[in-house]
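Shown next: work_5.cif, containing mmCIF, C-alpha atoms.
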data_protein
loop_
_atom_site.label_atom_id
_atom_site.label_comp_id
_atom_site.auth_asym_id
_atom_site.auth_seq_id
_atom_site.Cartn_x
_atom_site.Cartn_y
_atom_site.Cartn_z
CA MET B 1 8.07 -30.04 9.58
CA ILE B 2 5.76 -27.10 8.86
CA THR B 3 6.86 -24.61 6.19
CA PRO B 4 5.13 -21.45 4.93
CA GLU B 5 3.68 -23.54 2.09
CA ASN B 6 1.59 -25.33 4.72
CA VAL B 7 -0.04 -22.11 5.92
CA ALA B 8 -2.95 -20.02 4.68
CA MET B 9 -3.52 -16.56 6.12
CA LEU B 10 -7.10 -15.32 6.10
CA VAL B 11 -7.21 -11.53 5.68
CA LYS B 12 -9.96 -8.95 5.35
CA GLY B 13 -8.47 -7.67 2.13
CA ASP B 14 -8.94 -3.93 2.70
CA GLU B 15 -6.38 -3.30 5.45
CA VAL B 16 -3.93 -0.44 4.86
CA TYR B 17 -1.67 0.29 7.84
CA GLY B 18 -1.43 -1.51 11.19
CA ILE B 19 -2.32 -5.15 10.72
CA GLY B 20 -2.13 -4.66 6.96
CA THR B 21 1.56 -3.84 7.38
CA ILE B 22 2.08 -7.05 9.34
CA GLU B 23 0.36 -9.09 6.64
CA ARG B 24 2.62 -7.55 4.01
CA LEU B 25 5.68 -8.49 6.07
CA TYR B 26 4.58 -12.12 5.90
CA ALA B 27 4.06 -11.87 2.15
CA GLU B 28 7.51 -10.37 1.62
CA GLY B 29 9.25 -12.91 3.85
CA TRP B 30 7.30 -16.01 2.86
CA PRO B 31 6.36 -16.03 -0.84
CA GLY B 32 5.13 -19.62 -0.42
CA MET B 33 2.32 -18.69 2.01
CA THR B 34 -1.23 -18.59 0.67
CA PHE B 35 -3.39 -15.54 1.36
CA VAL B 36 -7.17 -15.86 1.29
CA CYS B 37 -8.79 -12.42 1.05
CA MET B 38 -12.39 -12.14 2.18
CA SER B 39 -12.89 -8.89 0.24
CA ARG B 40 -11.17 -6.69 -2.28
CA GLY B 41 -9.22 -3.63 -1.21
CA TYR B 42 -5.74 -2.29 -0.61
CA THR B 43 -4.19 -5.44 0.85
CA HIS B 44 -5.76 -7.73 -1.76
CA ASP B 45 -4.51 -5.51 -4.58
CA TRP B 46 -1.04 -5.16 -3.04
CA LEU B 47 -0.69 -8.93 -2.66
CA VAL B 48 -1.70 -9.50 -6.27
CA GLU B 49 0.66 -6.80 -7.56
CA HIS B 50 3.58 -8.26 -5.61
CA GLY B 51 3.11 -11.80 -6.85
CA ALA B 52 1.84 -13.41 -3.65
CA ARG B 53 -0.30 -16.54 -3.69
CA VAL B 54 -3.71 -14.92 -3.42
CA GLU B 55 -7.24 -16.30 -3.47
CA LEU B 56 -10.40 -14.22 -3.24
CA VAL B 57 -13.33 -15.71 -1.34
CA GLU B 58 -15.71 -12.82 -0.78
CA GLY B 59 -17.43 -13.48 2.50
CA LEU B 60 -17.24 -12.51 6.19
CA ALA B 61 -14.64 -9.74 5.95
CA ALA B 62 -15.85 -7.57 8.83
CA PHE B 63 -18.00 -8.06 11.91
CA ARG B 64 -19.96 -4.84 12.30
CA ASP B 65 -20.73 -5.28 15.97
CA GLY B 66 -20.70 -1.58 16.94
CA ASN B 67 -20.91 -2.20 20.70
CA SER B 68 -20.86 -5.04 23.21
CA VAL B 69 -24.61 -5.71 23.22
CA ARG B 70 -24.81 -5.69 19.44
CA ALA B 71 -21.82 -8.01 19.25
CA VAL B 72 -23.65 -10.62 21.32
CA THR B 73 -26.88 -10.32 19.36
CA THR B 74 -25.29 -10.38 15.90
CA ALA B 75 -22.72 -13.10 16.63
CA PRO B 76 -25.01 -16.06 15.76
CA LEU B 77 -25.64 -14.73 12.25
CA ALA B 78 -21.93 -14.06 11.76
CA MET B 79 -21.09 -17.57 12.96
CA ARG B 80 -23.43 -19.12 10.39
CA GLN B 81 -21.81 -17.06 7.64
CA ALA B 82 -18.38 -18.08 8.94
CA LYS B 83 -19.34 -21.76 8.75
CA ARG B 84 -20.38 -21.38 5.11
CA ASP B 85 -17.17 -19.49 4.33
CA ALA B 86 -15.08 -22.16 6.07
CA ARG B 87 -16.44 -24.79 3.71
CA ARG B 88 -15.73 -22.58 0.70
CA VAL B 89 -12.16 -21.90 1.82
CA HIS B 90 -11.63 -25.60 2.57
CA ALA B 91 -12.78 -26.55 -0.93
CA LEU B 92 -10.28 -24.07 -2.35
CA LEU B 93 -7.34 -25.24 -0.20
CA SER B 94 -8.02 -28.96 -0.37
CA GLY B 95 -5.08 -30.88 -1.82
CA ARG B 96 -2.59 -28.02 -1.40
CA GLY B 97 -0.99 -29.30 1.78
CA VAL B 98 -2.29 -26.46 3.93
CA LYS B 99 -2.42 -27.50 7.59
CA ILE B 100 -2.60 -24.17 9.43
CA VAL B 101 -5.00 -21.26 9.11
CA HIS B 102 -3.53 -18.01 10.46
CA THR B 103 -5.86 -15.10 11.25
CA GLN B 104 -5.78 -11.54 12.61
CA TRP B 105 -9.40 -10.35 12.91
CA LYS B 106 -12.45 -11.72 14.74
CA PRO B 107 -14.47 -12.56 11.56
CA GLN B 108 -11.62 -14.61 10.17
CA GLN B 109 -11.10 -16.21 13.59
CA MET B 110 -14.70 -17.41 13.36
CA ILE B 111 -13.95 -18.97 9.99
CA ALA B 112 -10.76 -20.56 11.31
CA GLY B 113 -12.68 -21.98 14.25
CA HIS B 114 -15.02 -23.81 11.89
CA MET B 115 -12.03 -24.97 9.84
CA ARG B 116 -10.66 -26.71 12.94
CA ARG B 117 -13.56 -29.13 12.51
CA LEU B 118 -12.27 -29.80 8.99
CA GLY B 119 -8.80 -30.81 10.20
CA TYR B 120 -6.87 -27.53 10.22
CA LYS B 121 -4.94 -25.94 13.08
CA SER B 122 -6.18 -22.43 13.93
CA VAL B 123 -3.68 -19.72 14.89
CA TRP B 124 -4.85 -16.32 16.10
CA GLN B 125 -2.36 -13.46 15.96
CA ILE B 126 -3.68 -10.80 18.35
CA ASN B 127 -2.76 -7.13 17.99
CA ASN B 128 -5.80 -5.57 19.63
CA ASN B 129 -6.77 -4.79 23.19
CA MET B 130 -9.56 -6.65 24.92
CA LYS B 131 -11.80 -5.12 27.59
CA PRO B 132 -12.70 -8.02 29.89
CA GLN B 133 -14.95 -5.74 31.96
CA ARG B 134 -17.43 -5.28 29.10
CA LEU B 135 -20.99 -6.40 29.85
CA GLY B 136 -20.21 -6.45 33.55
CA GLY B 137 -17.29 -8.85 33.09
CA LEU B 138 -19.11 -11.16 30.71
CA GLY B 139 -17.05 -9.85 27.79
CA GLY B 140 -13.88 -11.50 29.04
CA VAL B 141 -15.67 -14.76 29.78
CA LEU B 142 -17.18 -14.90 26.30
CA SER B 143 -13.84 -14.06 24.65
CA HIS B 144 -12.14 -16.89 26.54
CA ARG B 145 -14.87 -19.33 25.52
CA PHE B 146 -14.56 -18.16 21.94
CA ALA B 147 -10.81 -18.85 22.04
CA ARG B 148 -11.30 -22.35 23.49
CA TRP B 149 -13.76 -23.10 20.70
CA GLY B 150 -11.80 -21.58 17.82
CA ALA B 151 -8.05 -21.50 18.46
CA ASP B 152 -5.22 -23.98 18.82
CA LEU B 153 -2.64 -21.27 19.46
CA LEU B 154 -2.73 -17.59 20.38
CA MET B 155 0.10 -15.28 19.29
CA PRO B 156 -0.36 -11.98 21.20
CA ALA B 157 1.95 -9.18 20.09
CA SER B 158 2.89 -8.23 23.66
CA ASP B 159 2.72 -9.59 27.17
CA PHE B 160 0.28 -6.76 27.86
CA ILE B 161 -2.15 -8.31 25.36
CA ALA B 162 -1.37 -11.84 26.52
CA ALA B 163 -2.52 -10.98 30.05
CA ASN B 164 -6.07 -10.54 28.75
CA TRP B 165 -6.12 -14.15 27.57
CA ARG B 166 -4.49 -15.75 30.60
CA GLY B 167 -6.67 -18.58 31.87
CA CYS B 168 -8.59 -19.10 28.63
CA GLY B 169 -7.21 -22.63 28.23
CA VAL B 170 -5.39 -22.00 24.92
CA ARG B 171 -1.60 -21.85 24.79
CA ALA B 172 -0.26 -18.38 24.05
CA VAL B 173 3.17 -17.40 22.71
CA THR B 174 4.08 -13.70 22.69
CA ILE B 175 5.59 -12.71 19.36
CA ARG B 176 6.24 -8.99 19.18
CA ASN B 177 5.88 -6.98 16.01
CA ALA B 178 8.81 -6.09 13.81
CA ALA B 179 9.91 -4.03 10.83
CA PRO B 180 12.03 -4.64 7.73
CA LYS B 181 15.54 -3.26 7.66
CA LEU B 182 15.73 0.10 5.90
CA PHE B 183 19.15 1.58 6.72
CA ASP B 184 22.39 -0.40 6.35
CA GLN B 185 24.04 1.82 8.93
CA LEU B 186 23.28 4.54 11.43
CA SER B 187 23.90 8.08 10.20
CA PRO B 188 25.65 10.60 12.46
CA VAL B 189 23.43 12.44 14.91
CA PRO B 190 22.06 15.69 13.41
CA ASP B 191 23.65 18.92 14.58
CA ALA B 192 22.01 20.45 17.64
CA PRO B 193 20.57 22.86 18.55
CA PRO B 194 17.87 22.78 17.53
CA THR B 195 16.78 19.46 19.01
CA ARG B 196 14.50 18.07 16.30
CA CYS B 197 11.56 15.89 17.38
CA LEU B 198 8.66 14.28 15.59
CA VAL B 199 5.35 12.79 16.61
CA ALA B 200 3.30 10.64 14.23
CA GLY B 201 -0.19 9.21 14.05
CA ARG B 202 -3.78 10.07 13.30
CA LEU B 203 -4.70 13.45 14.77
CA GLN B 204 -7.02 12.44 17.57
CA GLU B 205 -6.89 12.90 21.32
CA SER B 206 -6.04 9.28 22.17
CA LYS B 207 -2.78 9.59 20.22
CA GLY B 208 -1.64 12.36 22.58
CA HIS B 209 -0.32 14.98 20.16
CA HIS B 210 -1.45 17.64 22.64
CA THR B 211 0.95 16.17 25.21
CA ALA B 212 3.83 16.58 22.75
CA VAL B 213 2.79 20.15 21.93
CA GLU B 214 2.54 21.18 25.59
CA ALA B 215 5.89 19.55 26.39
CA VAL B 216 7.71 21.27 23.54
CA ILE B 217 6.22 24.65 24.46
CA ALA B 218 7.31 24.13 28.08
CA ALA B 219 10.84 23.06 27.08
CA ARG B 220 11.18 26.15 24.88
CA GLU B 221 10.02 28.37 27.73
CA ARG B 222 12.86 26.89 29.77
CA GLY B 223 15.33 28.13 27.16
CA HIS B 224 15.85 25.01 25.02
CA ASP B 225 15.62 25.22 21.24
CA VAL B 226 13.33 22.22 20.70
CA ARG B 227 11.43 21.85 17.42
CA LEU B 228 8.52 19.50 16.67
CA ASP B 229 7.14 18.19 13.38
CA ILE B 230 3.66 16.68 13.62
CA PHE B 231 3.00 13.96 11.06
CA GLY B 232 -0.53 12.71 10.45
CA GLY B 233 -4.01 13.98 9.78
CA PRO B 234 -6.66 14.81 8.91
CA LEU B 235 -5.70 18.47 9.00
CA GLU B 236 -9.02 19.80 7.73
CA GLU B 237 -12.42 19.61 9.42
CA ASN B 238 -10.74 18.22 12.54
CA ALA B 239 -11.63 19.95 15.79
CA TYR B 240 -8.69 18.32 17.57
CA ALA B 241 -6.20 19.64 15.00
CA ASP B 242 -7.83 23.09 15.20
CA GLY B 243 -7.32 23.08 18.98
CA LEU B 244 -3.66 22.23 18.55
CA ARG B 245 -3.23 25.10 16.10
CA ARG B 246 -4.80 27.56 18.53
CA ARG B 247 -2.53 26.41 21.36
CA ILE B 248 0.58 26.67 19.19
CA ALA B 249 -0.39 30.13 17.94
CA GLY B 250 -1.20 31.29 21.46
CA ALA B 251 2.31 30.30 22.55
CA GLY B 252 3.89 32.02 19.55
CA ALA B 253 5.43 28.70 18.49
CA GLU B 254 4.25 28.47 14.86
CA ASP B 255 7.83 28.44 13.56
CA ALA B 256 8.91 25.71 15.99
CA ILE B 257 5.91 23.36 15.84
CA THR B 258 4.70 22.51 12.33
CA PHE B 259 2.10 20.23 10.77
CA GLN B 260 3.47 17.95 8.06
CA GLY B 261 0.31 15.98 7.19
CA PHE B 262 0.33 12.36 6.15
CA CYS B 263 3.72 11.17 4.92
CA THR B 264 4.40 8.02 2.89
CA ASP B 265 8.18 8.12 3.45
CA LEU B 266 8.27 8.80 7.19
CA ARG B 267 10.79 6.05 7.89
CA GLU B 268 13.23 7.53 5.40
CA ARG B 269 13.17 10.70 7.52
CA HIS B 270 13.68 9.07 10.94
CA GLN B 271 17.45 9.47 11.07
CA SER B 272 17.20 13.22 10.43
CA TYR B 273 15.60 13.66 13.87
CA HIS B 274 17.03 13.47 17.38
CA LEU B 275 13.94 12.09 19.11
CA GLY B 276 10.60 10.52 18.38
CA LEU B 277 7.71 11.22 20.74
CA GLN B 278 5.19 8.43 21.35
CA CYS B 279 2.43 10.08 23.35
CA ARG B 280 -0.41 7.55 23.27
CA ILE B 281 -2.94 8.16 26.06
CA ASP B 282 -4.86 4.88 26.00
CA PRO B 283 -2.94 1.57 26.02
CA GLU B 284 -0.96 0.87 22.85
CA PRO B 285 -0.96 -2.93 22.30
CA CYS B 286 2.34 -3.21 20.40
CA SER B 287 3.10 -0.19 18.26
CA LEU B 288 4.47 -0.90 14.80
CA TRP B 289 5.84 2.63 14.68
CA VAL B 290 7.85 2.04 17.85
CA CYS B 291 9.36 -1.08 16.24
CA GLU B 292 10.19 0.91 13.11
CA THR B 293 11.89 3.71 15.04
CA MET B 294 14.18 1.27 16.81
CA VAL B 295 15.12 -0.54 13.61
CA ASP B 296 15.92 2.87 12.11
CA GLY B 297 17.86 4.14 15.14
CA LEU B 298 15.49 6.84 16.39
CA PRO B 299 15.33 6.97 20.22
CA LEU B 300 11.92 7.57 21.76
CA LEU B 301 10.36 9.41 24.63
CA ALA B 302 7.33 7.20 25.07
CA SER B 303 4.29 6.98 27.30
CA ALA B 304 4.51 4.03 29.67
CA THR B 305 1.24 2.43 28.68
CA GLY B 306 0.17 -0.87 27.11
CA GLY B 307 2.93 -2.89 25.48
CA THR B 308 5.27 0.04 24.85
CA PRO B 309 7.43 -0.54 27.98
CA GLU B 310 8.22 -3.99 26.55
CA LEU B 311 9.69 -2.34 23.45
CA VAL B 312 11.50 0.75 24.71
CA ALA B 313 14.39 0.01 27.06
CA ASP B 314 13.94 2.85 29.55
CA GLY B 315 17.17 4.78 30.02
CA ASP B 316 18.89 2.98 27.16
CA THR B 317 17.02 3.26 23.85
CA GLY B 318 14.77 6.04 25.12
CA ARG B 319 12.86 7.19 28.15
CA LEU B 320 9.40 6.38 29.48
CA TYR B 321 7.05 8.84 31.14
CA PRO B 322 3.50 8.60 32.58
CA ALA B 323 0.88 8.77 29.82
CA GLY B 324 -0.54 12.27 29.39
CA ASP B 325 2.01 13.91 31.72
CA ALA B 326 3.24 16.87 29.65
CA ASP B 327 5.36 18.20 32.55
CA ALA B 328 7.27 14.93 32.79
CA LEU B 329 7.81 14.85 29.03
CA ALA B 330 8.98 18.48 29.06
CA GLY B 331 11.51 17.58 31.75
CA LEU B 332 12.92 14.77 29.63
CA LEU B 333 13.07 17.01 26.56
CA SER B 334 14.90 19.69 28.51
CA GLU B 335 17.34 17.21 30.00
CA LEU B 336 18.23 15.65 26.64
CA ALA B 337 18.33 18.94 24.74
CA ALA B 338 21.13 19.92 27.11
CA ASP B 339 22.99 16.63 26.66
CA PRO B 340 23.96 15.94 23.01
CA ALA B 341 26.25 13.10 24.06
CA GLU B 342 23.34 11.24 25.66
CA LEU B 343 21.21 11.78 22.55
CA ALA B 344 23.97 10.20 20.46
CA ARG B 345 24.35 7.28 22.87
CA MET B 346 20.61 6.54 22.87
CA ARG B 347 20.57 6.73 19.08
CA GLU B 348 23.21 4.02 18.84
CA ALA B 349 21.47 1.90 21.49
CA ALA B 350 18.12 2.14 19.71
CA TYR B 351 19.65 1.09 16.40
CA ARG B 352 21.50 -1.82 18.00
CA ARG B 353 18.39 -3.08 19.82
CA GLY B 354 16.32 -2.71 16.66
CA GLN B 355 18.76 -4.77 14.59
CA GLU B 356 19.06 -7.45 17.26
CA GLN B 357 15.43 -7.85 18.32
CA PHE B 358 12.95 -6.14 16.02
CA LEU B 359 13.73 -7.11 12.44
CA ASN B 360 10.97 -8.96 10.58
CA THR B 361 13.25 -12.00 10.20
CA ARG B 362 12.99 -12.53 13.97
CA MET B 363 9.20 -12.34 13.85
CA LEU B 364 9.02 -14.85 11.01
CA ASP B 365 11.42 -17.27 12.71
CA GLN B 366 9.44 -17.16 15.96
CA THR B 367 6.16 -17.64 14.10
CA LEU B 368 7.48 -20.68 12.25
CA GLU B 369 8.69 -22.15 15.53
CA ALA B 370 5.22 -21.56 17.03
CA TYR B 371 3.58 -23.28 14.06
CA ASN B 372 5.71 -26.37 14.49
CA SER B 373 4.94 -26.55 18.19
CA LEU B 374 1.37 -27.46 17.20
CA PHE B 375 2.55 -30.78 15.78
#
Since I need it in another form, could you write the structure as structure tokens?
Amino acid sequence: MITPENVAMLVKGDEVYGIGTIERLYAEGWPGMTFVCMSRGYTHDWLVEHGARVELVEGLAAFRDGNSVRAVTTAPLAMRQAKRDARRVHALLSGRGVKIVHTQWKPQQMIAGHMRRLGYKSVWQINNNMKPQRLGGLGGVLSHRFARWGADLLMPASDFIAANWRGCGVRAVTIRNAAPKLFDQLSPVPDAPPTRCLVAGRLQESKGHHTAVEAVIAARERGHDVRLDIFGGPLEENAYADGLRRRIAGAGAEDAITFQGFCTDLRERHQSYHLGLQCRIDPEPCSLWVCETMVDGLPLLASATGGTPELVADGDTGRLYPAGDADALAGLLSELAADPAELARMREAAYRRGQEQFLNTRMLDQTLEAYNSLF
């Protein structure tokens, strides 16, 4: 029977959000797991400060491939470094009962692949998109060969991601992301109007903040008092943010659409809003923020791209719309701004679905079950 004490997670060591958040969920839920950091940084320091079992083996933390051609040409050197690091990590873990090496990033997957030859099982948790069409289709072939060489089990965070690995010859189990419980109960829906919305994420075009801005402006022009807070940055020396400001000013909406910058307590604010807007243009593999909003009881209007439709129950916990379609989003905003009862119902449905399906305890239980399936 595999327990967290039988598992070592290889991490870069400098992750902050995204995958770094996932790694911290493991540390909080499984204090017996060992973490091997390949460099110093935020995650390494956080793990040490929170009393996790941490080892530092400075080695192949990042694979600076840059583009597809460079990835192919630099891979042999990285693989040699990974082989040396695998021996160093093995020497450190020997005698501790570690049977599984769990990884998130390609460099650590290389190390785990070499550790298979030393008797360990290699588990790859996959939170990133793959582009099989790279190098004229060779990218997908090479990725599949890499998985056959280096992995015993793939754990994609969505069926959308899993589809990229179908046919690679390695068993895959979809385990969606999760979030820790923050609120013990759902607060009453805020008074409306105004209908308060938020959008969060780095201020860049692929995140789709411009779609949210256009939709809110359109909904207001239709007579609905819709407000939008934009969380994220950078706010300075950012041409994309400057363009958003000009559009907002041109519409005379400066009082209704405001920039809040980066926020460390965003989750604590979720229940003070009616709606979250997830406006990603390119495919979102499995958004941690979407998981957090459901656990907190914030319904979403979300772009139907990537793994997001697997998270948001369309018509129940939120609504889906075509990515980048500001007119469709404006229609949904207008419809819901005129229907407070539906906003309240979706709020309750989102909270219920979050508590039932997206707490970190579910993710940990499914991961442990996947580990044991290897034996």
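Put simply, the PyMOL selection byres ((chain B and resi 79-86) around 10) in this file takes in B:Met38, B:Val57, B:Glu58, B:Gly59, B:Leu60, B:Ala61, B:Thr74, B:Ala75, B:Pro76, B:Leu77, B:Ala78, B:Arg87, B:Arg88, B:Val89, B:His90, B:Ala91, B:Leu92, B:Pro107, B:Gln108, B:Gln109, B:Met110, B:Ile111, B:Ala112, B:Gly113, B:His114, B:Met115, B:Arg116, B:Arg117, B:Leu118.
Atom to atom, atom CA of Lys12 of chain B and atom CA of Gly201 of chain B stand 22.4 Å apart.
Residues within 7 Å of segment 210-214 of chain B, counting all atoms listed in the file and excluding same-chain residues fewer than 6 positions away, are B:Leu244, B:Leu277, B:Cys279, B:Gly324, B:Asp325, B:Ala326.
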Store the residues of this selection in a file with C-alpha atoms, as an mmCIF file, in the frame of the given file.
data_model
loop_
_atom_site.group_PDB
_atom_site.id
_atom_site.type_symbol
_atom_site.label_atom_id
_atom_site.label_comp_id
_atom_site.auth_asym_id
_atom_site.auth_seq_id
_atom_site.Cartn_x
_atom_site.Cartn_y
_atom_site.Cartn_z
ATOM 1 C CA LEU B 244 -3.660 22.230 18.550
ATOM 2 C CA LEU B 277 7.710 11.220 20.740
ATOM 3 C CA CYS B 279 2.430 10.080 23.350
ATOM 4 C CA GLY B 324 -0.540 12.270 29.390
ATOM 5 C CA ASP B 325 2.010 13.910 31.720
ATOM 6 C CA ALA B 326 3.240 16.870 29.650
#
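With only C-alpha atoms taken into account, the protein and nucleic acid residues at most 7 Å from segment 3-10 of chain B (excluding it and anything under 3 positions from it in its own chain) are Trp30, Gly32, Met33, Thr34, Phe35, Val36, Cys37, Gly97, Val98, Lys99, Ile100, Val101, His102, Thr103 and Gln108 of chain B.
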| Can you list, as a PyMOL selection string, the residues that the PyMOL selection byres ((chain B and resi 357) around 10) selects here? | chain B and resi 176-178+291+294-295+311+352-356+358-363
Written as a tab-separated table (two decimals) with C-alpha atoms, in the frame of the given file, what is the full residue list that the PyMOL selection byres ((chain B and resi 248) around 10) yields on the file shown?
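As written to disk, part.tsv reads:
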chain	number	residue	atom	x	y	z
B	210	HIS	CA	-1.45	17.64	22.64
B	213	VAL	CA	2.79	20.15	21.93
B	214	GLU	CA	2.54	21.18	25.59
B	216	VAL	CA	7.71	21.27	23.54
B	217	ILE	CA	6.22	24.65	24.46
B	242	ASP	CA	-7.83	23.09	15.20
B	243	GLY	CA	-7.32	23.08	18.98
B	244	LEU	CA	-3.66	22.23	18.55
B	245	ARG	CA	-3.23	25.10	16.10
B	246	ARG	CA	-4.80	27.56	18.53
B	247	ARG	CA	-2.53	26.41	21.36
B	249	ALA	CA	-0.39	30.13	17.94
B	250	GLY	CA	-1.20	31.29	21.46
B	251	ALA	CA	2.31	30.30	22.55
B	252	GLY	CA	3.89	32.02	19.55
B	253	ALA	CA	5.43	28.70	18.49
B	254	GLU	CA	4.25	28.47	14.86
B	255	ASP	CA	7.83	28.44	13.56
B	256	ALA	CA	8.91	25.71	15.99
B	257	ILE	CA	5.91	23.36	15.84
B	258	THR	CA	4.70	22.51	12.33
Name the residues in contact with His224 of chain B at a cut-off of 9 Å, using only C-alpha atoms, excluding same-chain residues fewer than 3 positions from it; report them as a compact mmCIF listing (two decimals) with C-alpha atoms, keeping the file's coordinate frame.
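Output (out02.txt):
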# COMPACT_ATOMS: atom_id res chain seq x y z
CA PRO B 193 20.57 22.86 18.55
CA PRO B 194 17.87 22.78 17.53
CA THR B 195 16.78 19.46 19.01
CA ALA B 219 10.84 23.06 27.08
CA ARG B 220 11.18 26.15 24.88
CA GLU B 221 10.02 28.37 27.73
CA LEU B 333 13.07 17.01 26.56
CA SER B 334 14.90 19.69 28.51
CA ALA B 337 18.33 18.94 24.74
CA ALA B 338 21.13 19.92 27.11
